[in-house]
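Note: the block below is query_26.cif and it holds mmCIF, C-alpha atoms and all ligand atoms.
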```cif
data_upload
#
loop_
_atom_site.label_atom_id
_atom_site.label_comp_id
_atom_site.auth_asym_id
_atom_site.auth_seq_id
_atom_site.Cartn_x
_atom_site.Cartn_y
_atom_site.Cartn_z
CA MET A 1 -165.57 -27.47 138.14
CA THR A 2 -167.20 -27.41 141.60
CA GLU A 3 -165.64 -26.10 144.79
CA PRO A 4 -162.92 -28.55 145.85
CA THR A 5 -163.13 -30.30 149.22
CA GLU A 6 -160.08 -31.45 151.13
CA GLN A 7 -159.91 -34.82 152.89
CA ARG A 8 -157.52 -37.67 153.61
CA ASP A 9 -157.56 -40.61 151.28
CA ALA A 10 -155.31 -43.36 152.61
CA GLU A 11 -155.99 -45.87 149.84
CA SER A 12 -155.37 -43.88 146.70
CA LEU A 13 -152.64 -41.49 147.74
CA GLU A 14 -150.83 -43.15 150.62
CA ASP A 15 -152.30 -41.09 153.43
CA SER A 16 -151.39 -37.76 151.86
CA PRO A 17 -153.98 -35.02 152.00
CA VAL A 18 -156.06 -34.97 148.87
CA THR A 19 -158.58 -32.63 147.32
CA SER A 20 -161.72 -33.93 145.64
CA HIS A 21 -163.16 -32.35 142.53
CA SER A 22 -166.50 -32.91 140.83
CA LEU A 23 -166.56 -31.91 137.20
CA GLU A 24 -169.27 -31.75 134.60
CA ILE A 25 -167.85 -31.76 131.09
CA LYS A 26 -169.78 -31.42 127.87
CA ILE A 27 -168.51 -33.99 125.37
CA ALA A 28 -170.06 -33.99 121.90
CA GLY A 29 -173.18 -32.40 123.35
CA GLU A 30 -173.46 -34.86 126.27
CA LYS A 31 -172.94 -33.70 129.85
CA VAL A 32 -170.69 -36.17 131.68
CA GLN A 33 -169.90 -36.09 135.42
CA PHE A 34 -166.47 -36.94 136.78
CA THR A 35 -165.19 -37.04 140.35
CA LEU A 36 -161.50 -37.27 141.08
CA THR A 37 -159.08 -36.77 143.92
CA VAL A 38 -155.69 -35.16 143.52
CA PRO A 39 -152.92 -34.40 146.02
CA SER A 40 -153.58 -31.22 147.98
CA GLY A 41 -149.82 -30.64 148.04
CA PRO A 42 -147.15 -31.02 145.34
CA ALA A 43 -148.28 -33.31 142.54
CA THR A 44 -147.16 -34.58 139.14
CA TRP A 45 -148.99 -35.17 135.88
CA GLU A 46 -149.13 -38.85 136.78
CA ASN A 47 -151.64 -37.87 139.49
CA ILE A 48 -153.92 -36.52 136.74
CA LEU A 49 -153.38 -39.54 134.47
CA PRO A 50 -156.37 -41.60 135.78
CA PHE A 51 -158.62 -38.66 134.89
CA MET A 52 -157.01 -38.35 131.44
CA ARG A 53 -157.65 -42.06 130.84
CA ALA A 54 -161.26 -41.69 131.96
CA LEU A 55 -161.71 -38.82 129.50
CA VAL A 56 -160.30 -40.89 126.64
CA LYS A 57 -162.65 -43.74 127.51
CA VAL A 58 -165.76 -41.56 127.58
CA SER A 59 -164.72 -39.66 124.45
CA SER A 60 -164.11 -42.95 122.57
CA ASP A 61 -167.34 -44.53 123.79
CA ILE A 62 -169.44 -41.55 122.70
CA SER A 63 -167.73 -41.42 119.32
CA GLN A 64 -168.00 -45.19 118.76
CA GLU A 65 -171.67 -45.15 119.61
CA TYR A 66 -172.36 -42.34 117.17
CA PHE A 67 -170.35 -43.75 114.27
CA THR A 68 -171.79 -47.24 114.77
CA THR A 69 -175.27 -45.79 114.28
CA GLN A 70 -173.92 -44.16 111.11
CA GLY A 71 -172.86 -47.57 109.76
CA LYS A 72 -169.17 -47.02 110.57
CA PRO A 73 -168.34 -49.39 113.45
CA ILE A 74 -164.85 -49.81 114.84
CA SER A 75 -162.88 -52.42 112.92
CA CYS A 76 -160.13 -52.84 115.56
CA LYS A 77 -160.29 -56.23 117.23
CA ALA A 78 -158.27 -58.45 119.55
CA GLY A 79 -155.33 -60.05 117.80
CA CYS A 80 -154.85 -57.23 115.28
CA GLY A 81 -151.62 -55.45 116.19
CA ILE A 82 -150.64 -53.72 112.96
CA CYS A 83 -151.02 -50.28 114.54
CA CYS A 84 -148.56 -51.37 117.24
CA ARG A 85 -145.85 -51.11 114.59
CA GLN A 86 -146.27 -47.39 114.25
CA ARG A 87 -144.06 -44.90 116.05
CA VAL A 88 -146.29 -44.31 119.05
CA PRO A 89 -145.83 -40.91 120.70
CA ILE A 90 -146.18 -40.83 124.47
CA ALA A 91 -146.07 -38.04 127.06
CA GLU A 92 -142.91 -37.63 129.10
CA PHE A 93 -144.68 -38.54 132.34
CA GLU A 94 -145.98 -41.70 130.65
CA ALA A 95 -142.40 -42.58 129.68
CA HIS A 96 -141.22 -42.37 133.28
CA ARG A 97 -144.22 -44.39 134.45
CA LEU A 98 -143.63 -47.12 131.83
CA ARG A 99 -139.95 -47.27 132.71
CA ARG A 100 -140.88 -47.95 136.33
CA LEU A 101 -143.30 -50.61 135.11
CA VAL A 102 -140.52 -52.34 133.15
CA GLU A 103 -138.14 -52.13 136.11
CA SER A 104 -140.77 -53.70 138.38
CA MET A 105 -141.22 -56.76 136.13
CA PRO A 106 -139.88 -60.05 137.48
CA GLU A 107 -136.92 -61.67 135.76
CA PRO A 108 -136.54 -62.96 133.13
CA ARG A 109 -139.42 -60.91 131.75
CA ARG A 110 -137.80 -57.58 132.58
CA SER A 111 -134.63 -58.52 130.65
CA GLU A 112 -136.69 -59.80 127.72
CA ILE A 113 -138.59 -56.52 127.43
CA ILE A 114 -135.40 -54.46 127.72
CA ALA A 115 -133.78 -56.62 125.02
CA ARG A 116 -136.75 -55.97 122.71
CA PHE A 117 -136.38 -52.21 123.22
CA GLN A 118 -132.68 -52.51 122.45
CA ALA A 119 -133.40 -54.48 119.28
CA ALA A 120 -135.99 -51.90 118.18
CA GLU A 121 -133.56 -49.03 118.70
CA ASP A 122 -130.80 -50.90 116.86
CA ARG A 123 -133.07 -51.33 113.85
CA VAL A 124 -133.96 -47.64 113.86
CA ARG A 125 -130.29 -46.64 114.00
CA GLU A 126 -129.46 -49.05 111.17
CA ALA A 127 -132.24 -47.51 109.07
CA GLY A 128 -130.61 -44.11 109.54
CA ASP A 129 -131.73 -40.54 109.04
CA THR A 130 -134.93 -41.26 107.15
CA VAL A 131 -136.58 -42.68 110.25
CA LEU A 132 -134.62 -41.17 113.14
CA PHE A 133 -136.46 -38.69 115.27
CA ASP A 134 -134.98 -36.28 117.79
CA ASP A 135 -137.71 -34.67 119.86
CA ARG A 136 -135.47 -31.66 120.57
CA GLN A 137 -134.76 -31.01 116.90
CA PRO A 138 -137.16 -28.68 115.06
CA MET A 139 -138.81 -30.54 112.19
CA SER A 140 -141.64 -29.67 109.86
CA LEU A 141 -144.87 -31.59 110.18
CA LYS A 142 -144.31 -32.90 106.64
CA GLU A 143 -140.91 -34.28 107.58
CA MET A 144 -142.29 -35.79 110.78
CA ALA A 145 -145.03 -37.52 108.79
CA GLU A 146 -142.52 -38.83 106.23
CA ARG A 147 -140.27 -40.24 108.94
CA ALA A 148 -143.24 -41.80 110.72
CA GLY A 149 -144.22 -43.44 107.41
CA ASN A 150 -140.68 -44.73 106.90
CA TYR A 151 -140.63 -46.07 110.44
CA PHE A 152 -143.88 -47.93 109.86
CA LYS A 153 -142.40 -49.63 106.77
CA LEU A 154 -139.79 -51.23 109.04
CA MET A 155 -142.63 -53.14 110.78
CA ILE A 156 -140.90 -53.02 114.15
CA PRO A 157 -143.33 -54.41 116.72
CA CYS A 158 -143.78 -52.46 119.94
CA PRO A 159 -141.72 -54.25 122.62
CA PHE A 160 -144.92 -54.68 124.63
CA LEU A 161 -146.72 -56.48 121.77
CA GLU A 162 -147.14 -60.21 122.36
CA ASN A 163 -149.23 -62.56 120.21
CA GLU A 164 -150.51 -59.44 118.43
CA SER A 165 -152.00 -58.15 121.69
CA CYS A 166 -150.87 -55.52 124.16
CA SER A 167 -149.17 -57.15 127.15
CA ILE A 168 -149.55 -53.98 129.27
CA TYR A 169 -153.16 -53.29 128.31
CA ASP A 170 -154.15 -51.57 131.60
CA GLU A 171 -151.07 -49.35 131.41
CA ARG A 172 -151.04 -48.69 127.67
CA PRO A 173 -150.34 -45.05 126.73
CA LEU A 174 -153.04 -42.48 126.05
CA LYS A 175 -152.27 -42.49 122.32
CA CYS A 176 -152.87 -46.24 122.12
CA ARG A 177 -156.20 -45.79 123.91
CA GLU A 178 -157.31 -43.10 121.47
CA TYR A 179 -156.28 -44.87 118.26
CA LEU A 180 -159.27 -46.67 116.76
CA VAL A 181 -160.18 -47.05 113.09
CA THR A 182 -163.42 -47.48 111.19
CA SER A 183 -161.85 -48.52 107.88
CA PRO A 184 -161.36 -52.24 107.11
CA ALA A 185 -158.62 -53.78 109.24
CA VAL A 186 -156.72 -54.88 106.12
CA ASN A 187 -156.19 -51.23 105.16
CA CYS A 188 -153.97 -50.70 108.21
CA SER A 189 -151.29 -52.97 106.73
CA ASP A 190 -150.63 -50.62 103.81
CA PRO A 191 -151.83 -47.11 104.72
CA GLU A 192 -149.96 -45.51 101.80
CA VAL A 193 -152.13 -47.42 99.35
CA LEU A 194 -155.34 -48.14 101.26
CA PRO A 195 -157.15 -45.40 103.17
CA VAL A 196 -157.09 -45.68 106.95
CA VAL A 197 -159.89 -43.76 108.63
CA GLY A 198 -159.41 -43.03 112.31
CA LEU A 199 -162.33 -42.65 114.68
CA PRO A 200 -162.90 -38.91 115.17
CA GLN A 201 -162.67 -38.08 118.87
CA PRO A 202 -164.54 -35.19 120.49
CA LEU A 203 -161.61 -34.79 122.91
CA ALA A 204 -157.92 -35.03 122.02
CA VAL A 205 -156.43 -35.96 125.37
CA TYR A 206 -153.01 -37.12 124.18
CA LEU A 207 -152.62 -33.99 122.05
CA THR A 208 -153.37 -31.87 125.12
CA THR A 209 -150.41 -33.37 126.98
CA LEU A 210 -148.05 -31.89 124.39
CA PHE A 211 -148.82 -28.39 125.60
CA LEU A 212 -148.59 -28.92 129.36
CA ASP A 213 -145.98 -26.95 131.33
CA GLU A 214 -145.41 -24.54 128.43
CA GLU A 215 -145.45 -21.57 130.80
CA SER A 216 -142.67 -22.99 132.98
CA ARG A 217 -140.63 -24.79 130.32
CA GLY A 218 -141.14 -22.57 127.32
CA PRO A 219 -142.99 -23.15 124.05
CA GLY A 220 -142.52 -26.25 121.93
CA ILE A 221 -144.08 -29.65 122.10
CA ARG A 222 -142.48 -32.47 124.06
CA TRP A 223 -143.07 -36.14 123.52
CA VAL A 224 -141.18 -39.41 123.53
CA PRO A 225 -141.27 -42.13 120.85
CA LEU A 226 -142.41 -45.25 122.73
CA ASN A 227 -139.75 -47.36 121.05
CA GLN A 228 -137.08 -45.06 122.60
CA LEU A 229 -138.51 -45.40 126.09
CA MET A 230 -135.41 -46.95 127.66
CA SER A 231 -132.77 -44.66 126.15
CA TRP A 232 -134.88 -41.56 126.77
CA THR A 233 -135.51 -42.37 130.44
CA ASP A 234 -131.80 -43.18 130.85
CA LEU A 235 -131.09 -39.54 129.99
CA HIS A 236 -134.03 -37.75 131.63
CA VAL A 237 -135.13 -37.70 135.24
CA PRO A 238 -138.76 -37.03 136.20
CA GLU A 239 -139.69 -33.41 136.86
CA PRO A 240 -140.01 -32.78 140.62
CA PRO A 241 -143.55 -31.90 141.76
CA SER A 242 -143.86 -28.13 142.00
CA ARG A 243 -147.60 -27.44 141.89
CA THR A 244 -150.63 -28.80 143.68
CA GLY A 245 -152.89 -31.39 142.10
CA SER A 246 -155.65 -28.79 141.76
CA GLU A 247 -153.31 -26.41 139.91
CA LEU A 248 -152.31 -29.15 137.47
CA LEU A 249 -155.92 -30.13 136.93
CA LEU A 250 -156.84 -26.53 136.22
CA GLU A 251 -154.05 -26.23 133.63
CA PHE A 252 -155.07 -29.48 131.97
CA MET A 253 -158.72 -28.45 131.73
CA SER A 254 -157.81 -25.01 130.38
CA LYS A 255 -155.80 -26.63 127.57
CA LEU A 256 -158.03 -29.60 126.79
CA VAL A 257 -158.16 -29.85 123.00
CA ARG A 258 -161.58 -30.35 121.43
CA PRO A 259 -161.17 -31.06 117.72
CA SER A 260 -164.18 -30.12 115.63
CA THR A 261 -165.91 -33.30 114.48
S1 LIG B 1 -148.23 -50.17 124.30
FE1 LIG B 1 -149.62 -51.84 123.74
S2 LIG B 1 -151.23 -50.88 122.50
FE2 LIG B 1 -149.53 -49.44 122.58
S3 LIG B 1 -148.26 -49.85 120.76
FE3 LIG B 1 -147.44 -51.10 122.43
S4 LIG B 1 -148.44 -53.09 122.29
FE4 LIG B 1 -149.64 -51.62 121.08
#
```

Kindly present the structure from the file in structure tokens form.
Ligand code: SF4
Amino acid sequence: MTEPTEQRDAESLEDSPVTSHSLEIKIAGEKVQFTLTVPSGPATWENILPFMRALVKVSSDISQEYFTTQGKPISCKAGCGICCRQRVPIAEFEAHRLRRLVESMPEPRRSEIIARFQAAEDRVREAGDTVLFDDRQPMSLKEMAERAGNYFKLMIPCPFLENESCSIYDERPLKCREYLVTSPAVNCSDPEVLPVVGLPQPLAVYLTTLFLDEESRGPGIRWVPLNQLMSWTDLHVPEPPSRTGSELLLEFMSKLVRPST
């Protein structure tokens, strides 16, 4: 990370003082340059989100390019929304952002989306304990995987899925951006029987978000099931900004997960 420079950036951060950073990050052996501006004063993880999205994009592009040359191209394509029936985990700051997005939608669209979330939650409650997930309740990874599998069998479409495509594509969560497969698309419809091979990513950006704020909030991962977006945000208010944008960026970079590929 280079020395930060402070300036005013009226367009991106509403005339608040911002600090610019230039970063060079090695991703799967390639050096990639990034420049970003963050608030010089109190900031939230949402201020780092554009950078997180940029990292996912570069990480995916590098991986796709490599695996295509290895004869394993991405099989995901427009109009295939099977994966949008999984229980998608999102970061807490993404949940608050998506809730604001829903609230900003014009009527009757806003009510339609809220009704879909309600219907999805009703189906989960009807299905009972084998699919329910409480993010505050300790659970083994095995149990989490079993419940995720049971949830998938319900084939509940994400409330944002329309005509098998994402209706909030530019705002889709980090996890949705990272999830790409190289196995035949048909395999995704029955992953217990047919193998589904995900695209290995040199960076695990969504996974990194699970470990943010551990020092201030204590150990333990925090995430929100996308299908519970409305009920979760009804009960939780956004964390107030307490650190500068540069401090948040430093924490994110220090925790950035790099799975071995
Ligand atoms: S947010 Fe979009 S990409 Fe993600 S699960 Fe929903 S419809 Fe699919």

Report as CSV the residues of region 88-107 of chain A within 10 Å of region 33-47 of chain A, each with its shortest atom pair and distance in Å (one decimal), using all atoms listed in the file, ordered by chain and increasing residue number.
```
residue,atom,partner,partner_atom,distance
A:Ala91,CA,A:Trp45,CA,9.7
A:Glu92,CA,A:Trp45,CA,9.4
A:Phe93,CA,A:Glu46,CA,6.3
A:Glu94,CA,A:Glu46,CA,7.5
A:His96,CA,A:Glu46,CA,9.3
A:Arg97,CA,A:Glu46,CA,7.8
```

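Among the candidates A:Cys176, A:Leu101, A:Ala95, A:Ala28, the one nearest to ligand LIG 1 (chain B) when counting all atoms listed in the file is A:Cys176.
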
- Closest to ligand LIG 1 (chain B) among A:His236, A:Arg147, A:Lys77, A:Arg125, using all atoms listed in the file? A:Lys77

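Our summary of the geometry notes that atom FE3 of ligand LIG 1 (chain B) is positioned 5.9 Å from CA of Cys166 (chain A).
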
- Message: Using all atoms listed in the file, which residues of the polymer chains come no farther than 8 Å from ligand LIG 1 (chain B)? I'd like the answer as a PyMOL selection string.
- Response: chain A and resi 81+83-86+88+157-162+164-169+171-173+175-177+226

Sorted by chain and rising residue number, which residues of region 39-108 of chain A lie within 8 Å of region 189-213 of chain A, and what are their closest atom pairs and distances in Å to one decimal, counting all atoms listed in the file, as JSON lines?
```
{"residue": "A:Met52", "atom": "CA", "partner": "A:Val205", "partner_atom": "CA", "distance": 6.5}
{"residue": "A:Leu55", "atom": "CA", "partner": "A:Val205", "partner_atom": "CA", "distance": 7.3}
{"residue": "A:Val56", "atom": "CA", "partner": "A:Val205", "partner_atom": "CA", "distance": 6.4}
{"residue": "A:Ser59", "atom": "CA", "partner": "A:Pro202", "partner_atom": "CA", "distance": 6.0}
{"residue": "A:Ser60", "atom": "CA", "partner": "A:Gln201", "partner_atom": "CA", "distance": 6.3}
{"residue": "A:Ser63", "atom": "CA", "partner": "A:Gln201", "partner_atom": "CA", "distance": 6.1}
{"residue": "A:Gln64", "atom": "CA", "partner": "A:Leu199", "partner_atom": "CA", "distance": 7.4}
{"residue": "A:Ile74", "atom": "CA", "partner": "A:Leu199", "partner_atom": "CA", "distance": 7.6}
{"residue": "A:Ile82", "atom": "CA", "partner": "A:Ser189", "partner_atom": "CA", "distance": 6.3}
{"residue": "A:Ile90", "atom": "CA", "partner": "A:Tyr206", "partner_atom": "CA", "distance": 7.8}
{"residue": "A:Ala91", "atom": "CA", "partner": "A:Thr209", "partner_atom": "CA", "distance": 6.4}
```

- Message: Please list, as number ranges by chain, the residues that have an atom at most 6 Å away from (-163.9, -48.1, 108.3) in the coordinates of this file, counting only C-alpha atoms.
- Response: A: 72, 182-184, 197

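Going from CA of Ser246 (chain A) over to CA of Arg217 (chain A), you cover 19.3 Å.
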
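The space between CA of Gly29 (chain A) and CA of Gly245 (chain A) spans 27.6 Å.
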
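Minimum atom-to-atom distance to Val224 (chain A), evaluated using all atoms listed in the file, belongs to A:Arg87 out of A:Arg87, A:Ala119, A:Arg258, A:Ala145.
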
- Query: Which residues come within 12 Å of Lys31 (chain A), counting all atoms listed in the file, excluding same-chain residues fewer than 5 positions away, as a PyMOL selection string?
  - Reply: chain A and resi 23-26+58-59+62
